[in-house]
Structure formats: C-alpha cells, structure tokens
Amino acid sequence: MLKLLDKIIFLISIIAMSGLAGAYASSYINPNHFVYLSLLGLAYPYLLISNIALFFYWIVRWKKMAWAELVIILSGIPAFMTYYGTADTEEKTQNYDFSVISYNVRYFDFYNWSNQKNTKNKLFNYLKEFKGNIICLQEFTLQGNTSNEQALVRQLQAYPYRHIHKDMAIFSRLPIISKGHLSFGEQTSASCLYCDVVTPVDTVRLYNIHLESYKLGKKERQFMKEISQGIKTNDLPGSAKKLTSRLTTANKNRAQQADQIKRHLLQSPHQAIICGDFNDTPLSYTYKKIKTNLKDAFIEKGRGLGNTYIGEFPSFRIDYILHTPGLETVSYNRELIELSDHYPVKAKLKLKKKIHS
C-alpha cells in the first residue's frame with residue numbers, strides 16, 4: 001500500500017516541482033509570447049507551500065526525492081525574498097530628503113464596498129495626517145464626477161502642487177515643474193502619470209501608475225472564493241475557462257504597458273521613483289520589466305509578509321515603490337489599515353548625491 005502511495009505522491013511531486021520551476025521562470029517570459037507561465041507565477045505561494053509539504057512527506061518516508069524537493073525550494077530563495085522582507089527595521093536617525101505614500105483608495109468607497117459609514121471621511125483624515133512630501137493615489141475619483149476630487153483638494157491644502165488625470169492623482173508639498181501622462185489606448189483601464197518634482201537636493205521624476213486589472217465580475221469572484229474555501233462549484237470547467245481568459249488577457253495587456261513605461265523611464269533626465277498599483281505580483285514579467293536596474297523599497301527596508309491587496313482575490317504584494325540607484329531607501333512601511341481593498345505603502349528616500357547642477 002505504501003509503495004502505491006509513494007508512486008502517486010511521486011507523480012504529484014513531479015507536477016508540483018515543474019509548476020514551481022515554471023513560476024520562477026514566469027517573470028522572464030513575456031505573456032504575449034507564452035501566457036500560461038504567468039499563471040504559474042500568480043500561483044507561486046501555493047506551489048511553494050505544496051512543495052514544502054511534499055518535501056516533509058519524503059523526509060518522513062526517508063526517500064531521495066526529498067533532495068529534489070529541497071533543491072527546487074532553495075533555488076527559489078531570491079523569489080521568496082520579494083514576498084517576505086528580512087531588512088533591519090530598527091529605528092535610526094538617518095536623514096532623508098523626502099517621503100512618498102502610494103495608496104489605491106478604491107474611489108473613496110463611492111460604491112460602498114466597505115459596507116461601513118464614513119469610509120470616505122476616514123480616508124481623507126488618514127491622508128491629512130500623512131506628514132510626508134508626496135501622495136500618489138490610484139482609483140482617485142470617478143471619470144466625469146468631480147465631487148471627490150474637489151473635496152480632496154480642499155482637504156489637502158497643505159499640498160499646493162498637484163497633477164490629476166482621470167482616476168489618478170499626485171499631491172506634493174514640493175514644486176512640480178513639469179508633468180504629463182502616458183496613453184495606453186481607449187480599451188484599457190491602465191493609467192500612468194509622471195511629473196518632475198524639485199526636492200531640496202535635486203529634481204526627481206515621479207511616476208504614479210495603475211496597470212490593467214483583472215476586471216473580475218461577480219461570477220469570477222464567487223468562483224475564486226469557492227475554490228479557496230474548498231467548496232464544490234457548479235460548472236467548474238466553464239467557470240475556470242472564463243477566469244483563465246480574464247487572467248491571461250490582463251497579463252498580456254500589463255506586459256505591453258510595462259514595456260511602454262520602461263521605454264519612457266529610460267528617457268528620464270532625472271533620478272526616478274515609480275510607485276503605484278501594478279496589479280501583478282513580484283513573480284511577473286510586468287514587475288521584472290519595470291524593476292530591472294531599479295531598487296524595490298520593500299526589499300531594501302521591508303520586513304515580514306509584504307502583501308498589499310486585501311480584497312476577495314488571494315492576498316498578494318501588488319503595490320510598489322521602486323526607484324533608480326541614485327536614490328536610497330531610508331525606510332519602508334506598509335500600514336495595516338482597512339479603508340480600501342489595498343494597504344497604503346510609504347517610503348522615506350534620500351538622494352545619494354546631486355546629479356545636476
């Protein structure tokens with residue numbers, strides 16, 4: 001009986017290890033060339049947990065397969081470090097030049113997603129209490145509805161400089177000397193604002209981005225909830241097909257958007273900060289494309305689990321603050337407040353030296 005069980009678990013292990021290896025490779029392959037690896041990247045946490053469980057099974061069985069599992073798990077340490085921070089977070093008196101907060105505010109609960117009273121006012125108060133220099137907001141207001149925009153502008157009078165376009169906003173205490181946005185086409189929900197901010201040391205280019213979402217409907221969300229809870233679902237093949245279609249379409253679109261942002265970033269005359277809601281995990285082509293030759297504030301100064309999304313979909317780190325090497329992360333903080341379906345992320349940054357005279 002044990003021999004038969006070993007054979008079954010051996011086959012499961014081969015599939016799990018292959019899936020984990022595919023997840024590691026997903027960030028290197030453009031989804032527009034081969035999209036299904038991007039789904040393995042999305043499933044990375046579950047594939048890792050599965051392989052760890054299988055590793056212990058083979059340890060108990062005292063089989064050589066444990067070594068294969070150990071190798072595949074340890075080879076993914078760099079990937080794991082993008083999900084779990086190990087930086088020293090002890091408070092230091094190190095100086096910094098400016099601080100940034102990035103927050104997807106989910107339209108200030110316009111549709112009453114939270115089912116709570118005064119969520120909008122609580123969000124306003126939270127942002128007013130931020131003592132930093134720059135606020136980057138995604139899902140800022142509804143297109144064609146300026147009530148939230150006007151209210152927030154009044155609330156944030158301490159930030160006299162701003163750049164607002166569609167459902168994106170940048171508020172700054174520091175002067176903005178130029179600004180613009182990237183266009184991704186009418187059929188996409190993605191947005192990207194950029195502006196040049198004059199800091200006490202030098203001018204810095206700031207990007208605030210919100211990349212393509214999965215646009216999951218009620219049926220897809222219910223299907224995901226049932227799957228995660230182990231509930232038997234009706235029409236499993238049909239629901240899985242629809243969900244896969246949504247995921248793969250968004251992954252392809254984000255890859256194109258990431259390519260466009262990276263091309264624009266490479267033309268920047270200044271050191272740059274890229275923050276916002278990428279709608280993608282660290283094991284994705286989107287993240288790797290944008291992050292190449294950049295620093296991730298979470299990896300530099302974050303500690304513990306870095307998940308930033310708290311909606312119905314499984315929790316992942318999809319909100320980021322990245323920067324060019326001429327900047328240094330002094331501190332990083334993810335605040336566990338539940339006023340949106342995202343946590344806000346904050347960073348204090350320092351320019352290593354003045355680049356331009």
# chains A, B, ... in the order shown; residues from 1 in each chain; ligands from 1

call {"tool": "closest_atom_pairs", "arguments": {"of": "region 290-349 of chain A", "to": "region 104-119 of chain A", "cutoff": "12 Å", "atoms": "only C-alpha atoms", "output": "JSON lines"}}
result
{"residue": "A:Thr308", "atom": "CA", "partner": "A:Asn104", "partner_atom": "CA", "distance": 9.9}
{"residue": "A:Tyr309", "atom": "CA", "partner": "A:Asn104", "partner_atom": "CA", "distance": 9.6}
{"residue": "A:Ile310", "atom": "CA", "partner": "A:Asn104", "partner_atom": "CA", "distance": 11.4}
{"residue": "A:Gly311", "atom": "CA", "partner": "A:Trp113", "partner_atom": "CA", "distance": 10.2}
{"residue": "A:Glu312", "atom": "CA", "partner": "A:Trp113", "partner_atom": "CA", "distance": 11.4}
{"residue": "A:Ile318", "atom": "CA", "partner": "A:Asn104", "partner_atom": "CA", "distance": 10.6}
{"residue": "A:Asp319", "atom": "CA", "partner": "A:Asn104", "partner_atom": "CA", "distance": 8.4}
{"residue": "A:Tyr320", "atom": "CA", "partner": "A:Asn104", "partner_atom": "CA", "distance": 11.1}
{"residue": "A:Ile337", "atom": "CA", "partner": "A:Val105", "partner_atom": "CA", "distance": 11.4}
{"residue": "A:Glu338", "atom": "CA", "partner": "A:Ser114", "partner_atom": "CA", "distance": 8.9}
{"residue": "A:Leu339", "atom": "CA", "partner": "A:Thr119", "partner_atom": "CA", "distance": 6.3}
{"residue": "A:Ser340", "atom": "CA", "partner": "A:Val105", "partner_atom": "CA", "distance": 5.5}
{"residue": "A:Asp341", "atom": "CA", "partner": "A:Arg106", "partner_atom": "CA", "distance": 6.9}
{"residue": "A:His342", "atom": "CA", "partner": "A:Asn104", "partner_atom": "CA", "distance": 6.0}
{"residue": "A:Tyr343", "atom": "CA", "partner": "A:Asn104", "partner_atom": "CA", "distance": 7.7}
{"residue": "A:Pro344", "atom": "CA", "partner": "A:Asn104", "partner_atom": "CA", "distance": 7.2}
{"residue": "A:Val345", "atom": "CA", "partner": "A:Asn104", "partner_atom": "CA", "distance": 9.6}

call {"tool": "write_last_selection", "arguments": {"atoms": "N, CA and C atoms", "output": "tab-separated table (two decimals), in the first residue's frame"}}
result
chain	number	residue	atom	x	y	z
A	308	THR	N	-0.12	43.53	-0.07
A	308	THR	CA	-0.75	44.85	-0.03
A	308	THR	C	-2.21	44.82	-0.47
A	309	TYR	N	-2.66	43.69	-1.03
A	309	TYR	CA	-4.04	43.59	-1.50
A	309	TYR	C	-4.85	42.78	-0.51
A	310	ILE	N	-6.05	43.26	-0.18
A	310	ILE	CA	-6.84	42.60	0.85
A	310	ILE	C	-8.28	42.37	0.38
A	311	GLY	N	-8.47	42.29	-0.94
A	311	GLY	CA	-9.80	42.06	-1.49
A	311	GLY	C	-10.15	40.59	-1.51
A	312	GLU	N	-11.17	40.24	-2.34
A	312	GLU	CA	-11.64	38.86	-2.39
A	312	GLU	C	-10.59	37.93	-2.98
A	318	ILE	N	1.09	43.71	-4.59
A	318	ILE	CA	0.90	44.25	-5.93
A	318	ILE	C	1.10	45.77	-5.97
A	319	ASP	N	1.35	46.39	-4.80
A	319	ASP	CA	1.62	47.83	-4.73
A	319	ASP	C	3.09	48.03	-4.40
A	320	TYR	N	3.74	48.93	-5.12
A	320	TYR	CA	5.19	49.04	-5.04
A	320	TYR	C	5.67	50.49	-4.98
A	337	ILE	N	-4.15	49.36	7.59
A	337	ILE	CA	-5.45	49.98	7.79
A	337	ILE	C	-6.38	49.50	6.67
A	338	GLU	N	-7.61	49.19	7.00
A	338	GLU	CA	-8.53	48.59	6.04
A	338	GLU	C	-9.63	49.57	5.67
A	339	LEU	N	-9.25	50.61	4.93
A	339	LEU	CA	-10.19	51.59	4.42
A	339	LEU	C	-10.43	51.42	2.93
A	340	SER	N	-9.66	50.53	2.31
A	340	SER	CA	-9.76	50.23	0.89
A	340	SER	C	-9.52	48.73	0.75
A	341	ASP	N	-9.41	48.26	-0.49
A	341	ASP	CA	-9.02	46.85	-0.68
A	341	ASP	C	-7.51	46.73	-0.87
A	342	HIS	N	-6.79	47.82	-0.60
A	342	HIS	CA	-5.32	47.83	-0.62
A	342	HIS	C	-4.83	48.46	0.67
A	343	TYR	N	-3.62	48.05	1.09
A	343	TYR	CA	-2.93	48.76	2.14
A	343	TYR	C	-2.09	49.88	1.53
A	344	PRO	N	-1.97	51.02	2.21
A	344	PRO	CA	-1.04	52.05	1.72
A	344	PRO	C	0.41	51.65	2.01
A	345	VAL	N	1.31	52.05	1.12
A	345	VAL	CA	2.74	51.80	1.33
A	345	VAL	C	3.47	53.14	1.33

call {"tool": "residues_around", "arguments": {"residues": "Gly85 (chain A)", "least_positions_apart": "4", "cutoff": "8 Å", "atoms": "only C-alpha atoms", "output": "CSV table (one decimal) with N, CA, C and O atoms, in the first residue's frame"}}
result
chain,number,residue,atom,x,y,z
A,81,MET,N,12.3,36.1,-1.4
A,81,MET,CA,12.7,37.4,-0.7
A,81,MET,C,11.9,38.6,-1.3
A,81,MET,O,11.9,39.7,-0.7
A,298,PHE,N,10.6,47.9,-0.6
A,298,PHE,CA,10.2,46.8,0.3
A,298,PHE,C,11.4,45.8,0.5
A,298,PHE,O,11.7,45.4,1.6
A,299,ILE,N,12.1,45.4,-0.6
A,299,ILE,CA,13.2,44.5,-0.5
A,299,ILE,C,14.3,45.2,0.3
A,299,ILE,O,15.1,44.6,1.1
A,301,LYS,N,14.1,47.7,2.6
A,301,LYS,CA,13.8,48.1,4.0
A,301,LYS,C,12.6,47.5,4.6
A,301,LYS,O,12.2,47.8,5.7
A,302,GLY,N,11.9,46.6,3.9
A,302,GLY,CA,10.7,45.9,4.4
A,302,GLY,C,11.0,44.7,5.2
A,302,GLY,O,12.1,44.1,5.2
A,303,ARG,N,10.0,44.3,6.0
A,303,ARG,CA,10.2,43.2,6.9
A,303,ARG,C,8.8,42.4,7.0
A,303,ARG,O,7.8,43.0,7.2
A,304,GLY,N,8.9,41.1,7.0
A,304,GLY,CA,7.7,40.3,7.1
A,304,GLY,C,7.0,40.2,5.8
A,304,GLY,O,7.5,40.6,4.7
A,305,LEU,N,5.8,39.6,5.8
A,305,LEU,CA,5.0,39.5,4.6
A,305,LEU,C,4.6,40.9,4.1
A,305,LEU,O,4.3,41.8,4.8
A,306,GLY,N,4.8,41.0,2.7
A,306,GLY,CA,4.6,42.3,2.1
A,306,GLY,C,3.3,42.5,1.4
A,306,GLY,O,3.1,43.4,0.6

call {"tool": "atom_distance", "arguments": {"atom1": "CA of Glu328 (chain A)", "atom2": "CA of Ile134 (chain A)"}}
result
16.3 Å

call {"tool": "residues_around", "arguments": {"residues": "Thr281 (chain A)", "least_positions_apart": "4", "cutoff": "7 Å", "atoms": "only C-alpha atoms", "output": "PyMOL selection string"}}
result
chain A and resi 42+287+316-318

call {"tool": "write_last_selection", "arguments": {"atoms": "N, CA and C atoms", "output": "compact mmCIF listing (two decimals), in the first residue's frame"}}
result
# COMPACT_ATOMS: atom_id res chain seq x y z
N LEU A 42 1.55 33.62 -10.75
CA LEU A 42 0.47 34.06 -9.86
C LEU A 42 0.22 33.04 -8.76
N TYR A 287 6.39 43.14 -13.30
CA TYR A 287 7.25 43.64 -12.22
C TYR A 287 8.72 43.62 -12.62
N PHE A 316 -1.85 39.39 -2.24
CA PHE A 316 -0.52 39.42 -2.83
C PHE A 316 0.09 40.81 -2.64
N ARG A 317 1.39 40.90 -2.87
CA ARG A 317 2.05 42.21 -2.94
C ARG A 317 1.93 42.71 -4.37
N ILE A 318 1.09 43.71 -4.59
CA ILE A 318 0.90 44.25 -5.93
C ILE A 318 1.10 45.77 -5.97

call {"tool": "decode", "arguments": {"residues": "region 281-292 of chain A", "atoms": "all heavy atoms", "output": "PDB file, in the first residue's frame"}}
result
ATOM      1  N   THR A 281       2.146  40.456  -9.318  1.00  0.00           N
ATOM      2  CA  THR A 281       2.999  40.013  -8.226  1.00  0.00           C
ATOM      3  C   THR A 281       4.483  40.180  -8.579  1.00  0.00           C
ATOM      4  O   THR A 281       4.824  40.425  -9.739  1.00  0.00           O
ATOM      5  CB  THR A 281       2.730  38.534  -7.904  1.00  0.00           C
ATOM      6  OG1 THR A 281       3.220  37.728  -8.998  1.00  0.00           O
ATOM      7  CG2 THR A 281       1.243  38.285  -7.722  1.00  0.00           C
ATOM      8  N   PRO A 282       5.367  40.022  -7.598  1.00  0.00           N
ATOM      9  CA  PRO A 282       6.800  40.101  -7.894  1.00  0.00           C
ATOM     10  C   PRO A 282       7.290  39.044  -8.877  1.00  0.00           C
ATOM     11  O   PRO A 282       8.307  39.246  -9.535  1.00  0.00           O
ATOM     12  CB  PRO A 282       7.452  39.921  -6.520  1.00  0.00           C
ATOM     13  CG  PRO A 282       6.426  40.391  -5.555  1.00  0.00           C
ATOM     14  CD  PRO A 282       5.119  39.961  -6.143  1.00  0.00           C
ATOM     15  N   LEU A 283       6.594  37.906  -8.965  1.00  0.00           N
ATOM     16  CA  LEU A 283       6.972  36.890  -9.936  1.00  0.00           C
ATOM     17  C   LEU A 283       6.138  37.065 -11.200  1.00  0.00           C
ATOM     18  O   LEU A 283       5.327  36.218 -11.566  1.00  0.00           O
ATOM     19  CB  LEU A 283       6.789  35.486  -9.359  1.00  0.00           C
ATOM     20  CG  LEU A 283       7.914  34.958  -8.490  1.00  0.00           C
ATOM     21  CD1 LEU A 283       7.703  33.485  -8.166  1.00  0.00           C
ATOM     22  CD2 LEU A 283       9.266  35.132  -9.151  1.00  0.00           C
ATOM     23  N   SER A 284       6.358  38.197 -11.852  1.00  0.00           N
ATOM     24  CA  SER A 284       5.629  38.506 -13.085  1.00  0.00           C
ATOM     25  C   SER A 284       6.559  39.249 -14.038  1.00  0.00           C
ATOM     26  O   SER A 284       7.500  39.926 -13.613  1.00  0.00           O
ATOM     27  CB  SER A 284       4.398  39.374 -12.796  1.00  0.00           C
ATOM     28  OG  SER A 284       4.787  40.649 -12.313  1.00  0.00           O
ATOM     29  N   TYR A 285       6.280  39.117 -15.302  1.00  0.00           N
ATOM     30  CA  TYR A 285       7.038  39.852 -16.314  1.00  0.00           C
ATOM     31  C   TYR A 285       6.880  41.355 -16.095  1.00  0.00           C
ATOM     32  O   TYR A 285       7.846  42.125 -16.238  1.00  0.00           O
ATOM     33  CB  TYR A 285       6.537  39.475 -17.708  1.00  0.00           C
ATOM     34  CG  TYR A 285       7.176  40.275 -18.818  1.00  0.00           C
ATOM     35  CD1 TYR A 285       8.390  39.877 -19.388  1.00  0.00           C
ATOM     36  CD2 TYR A 285       6.567  41.427 -19.315  1.00  0.00           C
ATOM     37  CE1 TYR A 285       8.981  40.619 -20.403  1.00  0.00           C
ATOM     38  CE2 TYR A 285       7.141  42.176 -20.322  1.00  0.00           C
ATOM     39  CZ  TYR A 285       8.350  41.765 -20.867  1.00  0.00           C
ATOM     40  OH  TYR A 285       8.933  42.511 -21.868  1.00  0.00           O
ATOM     41  N   THR A 286       5.671  41.779 -15.716  1.00  0.00           N
ATOM     42  CA  THR A 286       5.395  43.204 -15.504  1.00  0.00           C
ATOM     43  C   THR A 286       6.332  43.793 -14.462  1.00  0.00           C
ATOM     44  O   THR A 286       6.982  44.821 -14.696  1.00  0.00           O
ATOM     45  CB  THR A 286       3.931  43.383 -15.053  1.00  0.00           C
ATOM     46  OG1 THR A 286       3.065  42.950 -16.100  1.00  0.00           O
ATOM     47  CG2 THR A 286       3.645  44.834 -14.729  1.00  0.00           C
ATOM     48  N   TYR A 287       6.394  43.143 -13.304  1.00  0.00           N
ATOM     49  CA  TYR A 287       7.254  43.644 -12.221  1.00  0.00           C
ATOM     50  C   TYR A 287       8.716  43.619 -12.624  1.00  0.00           C
ATOM     51  O   TYR A 287       9.444  44.606 -12.435  1.00  0.00           O
ATOM     52  CB  TYR A 287       7.022  42.804 -10.967  1.00  0.00           C
ATOM     53  CG  TYR A 287       8.013  43.063  -9.846  1.00  0.00           C
ATOM     54  CD1 TYR A 287       7.841  44.139  -8.992  1.00  0.00           C
ATOM     55  CD2 TYR A 287       9.110  42.223  -9.647  1.00  0.00           C
ATOM     56  CE1 TYR A 287       8.740  44.374  -7.953  1.00  0.00           C
ATOM     57  CE2 TYR A 287      10.005  42.444  -8.623  1.00  0.00           C
ATOM     58  CZ  TYR A 287       9.826  43.522  -7.777  1.00  0.00           C
ATOM     59  OH  TYR A 287      10.717  43.755  -6.763  1.00  0.00           O
ATOM     60  N   LYS A 288       9.173  42.497 -13.178  1.00  0.00           N
ATOM     61  CA  LYS A 288      10.586  42.374 -13.522  1.00  0.00           C
ATOM     62  C   LYS A 288      10.994  43.378 -14.593  1.00  0.00           C
ATOM     63  O   LYS A 288      12.085  43.950 -14.526  1.00  0.00           O
ATOM     64  CB  LYS A 288      10.906  40.957 -13.993  1.00  0.00           C
ATOM     65  CG  LYS A 288      12.405  40.742 -14.276  1.00  0.00           C
ATOM     66  CD  LYS A 288      12.725  39.298 -14.565  1.00  0.00           C
ATOM     67  CE  LYS A 288      14.210  39.118 -14.855  1.00  0.00           C
ATOM     68  NZ  LYS A 288      15.057  39.575 -13.747  1.00  0.00           N
ATOM     69  N   LYS A 289      10.113  43.603 -15.578  1.00  0.00           N
ATOM     70  CA  LYS A 289      10.427  44.539 -16.643  1.00  0.00           C
ATOM     71  C   LYS A 289      10.633  45.945 -16.090  1.00  0.00           C
ATOM     72  O   LYS A 289      11.621  46.614 -16.404  1.00  0.00           O
ATOM     73  CB  LYS A 289       9.293  44.557 -17.681  1.00  0.00           C
ATOM     74  CG  LYS A 289       9.545  45.488 -18.865  1.00  0.00           C
ATOM     75  CD  LYS A 289      10.683  44.986 -19.724  1.00  0.00           C
ATOM     76  CE  LYS A 289      10.904  45.866 -20.936  1.00  0.00           C
ATOM     77  NZ  LYS A 289      12.000  45.359 -21.791  1.00  0.00           N
ATOM     78  N   ILE A 290       9.711  46.389 -15.248  1.00  0.00           N
ATOM     79  CA  ILE A 290       9.814  47.737 -14.696  1.00  0.00           C
ATOM     80  C   ILE A 290      10.952  47.827 -13.695  1.00  0.00           C
ATOM     81  O   ILE A 290      11.687  48.820 -13.661  1.00  0.00           O
ATOM     82  CB  ILE A 290       8.476  48.160 -14.053  1.00  0.00           C
ATOM     83  CG1 ILE A 290       7.380  48.222 -15.114  1.00  0.00           C
ATOM     84  CG2 ILE A 290       8.613  49.507 -13.359  1.00  0.00           C
ATOM     85  CD1 ILE A 290       5.997  48.515 -14.562  1.00  0.00           C
ATOM     86  N   LYS A 291      11.132  46.786 -12.884  1.00  0.00           N
ATOM     87  CA  LYS A 291      12.126  46.857 -11.809  1.00  0.00           C
ATOM     88  C   LYS A 291      13.568  46.709 -12.290  1.00  0.00           C
ATOM     89  O   LYS A 291      14.497  47.099 -11.573  1.00  0.00           O
ATOM     90  CB  LYS A 291      11.845  45.761 -10.771  1.00  0.00           C
ATOM     91  CG  LYS A 291      12.809  45.847  -9.576  1.00  0.00           C
ATOM     92  CD  LYS A 291      12.722  44.624  -8.704  1.00  0.00           C
ATOM     93  CE  LYS A 291      13.793  44.663  -7.622  1.00  0.00           C
ATOM     94  NZ  LYS A 291      15.158  44.492  -8.179  1.00  0.00           N
ATOM     95  N   THR A 292      13.807  46.179 -13.475  1.00  0.00           N
ATOM     96  CA  THR A 292      15.179  45.955 -13.946  1.00  0.00           C
ATOM     97  C   THR A 292      16.012  47.223 -13.768  1.00  0.00           C
ATOM     98  O   THR A 292      15.636  48.308 -14.201  1.00  0.00           O
ATOM     99  CB  THR A 292      15.177  45.538 -15.424  1.00  0.00           C
ATOM    100  OG1 THR A 292      14.454  44.311 -15.551  1.00  0.00           O
ATOM    101  CG2 THR A 292      16.593  45.333 -15.934  1.00  0.00           C
TER     102      THR A 292
END
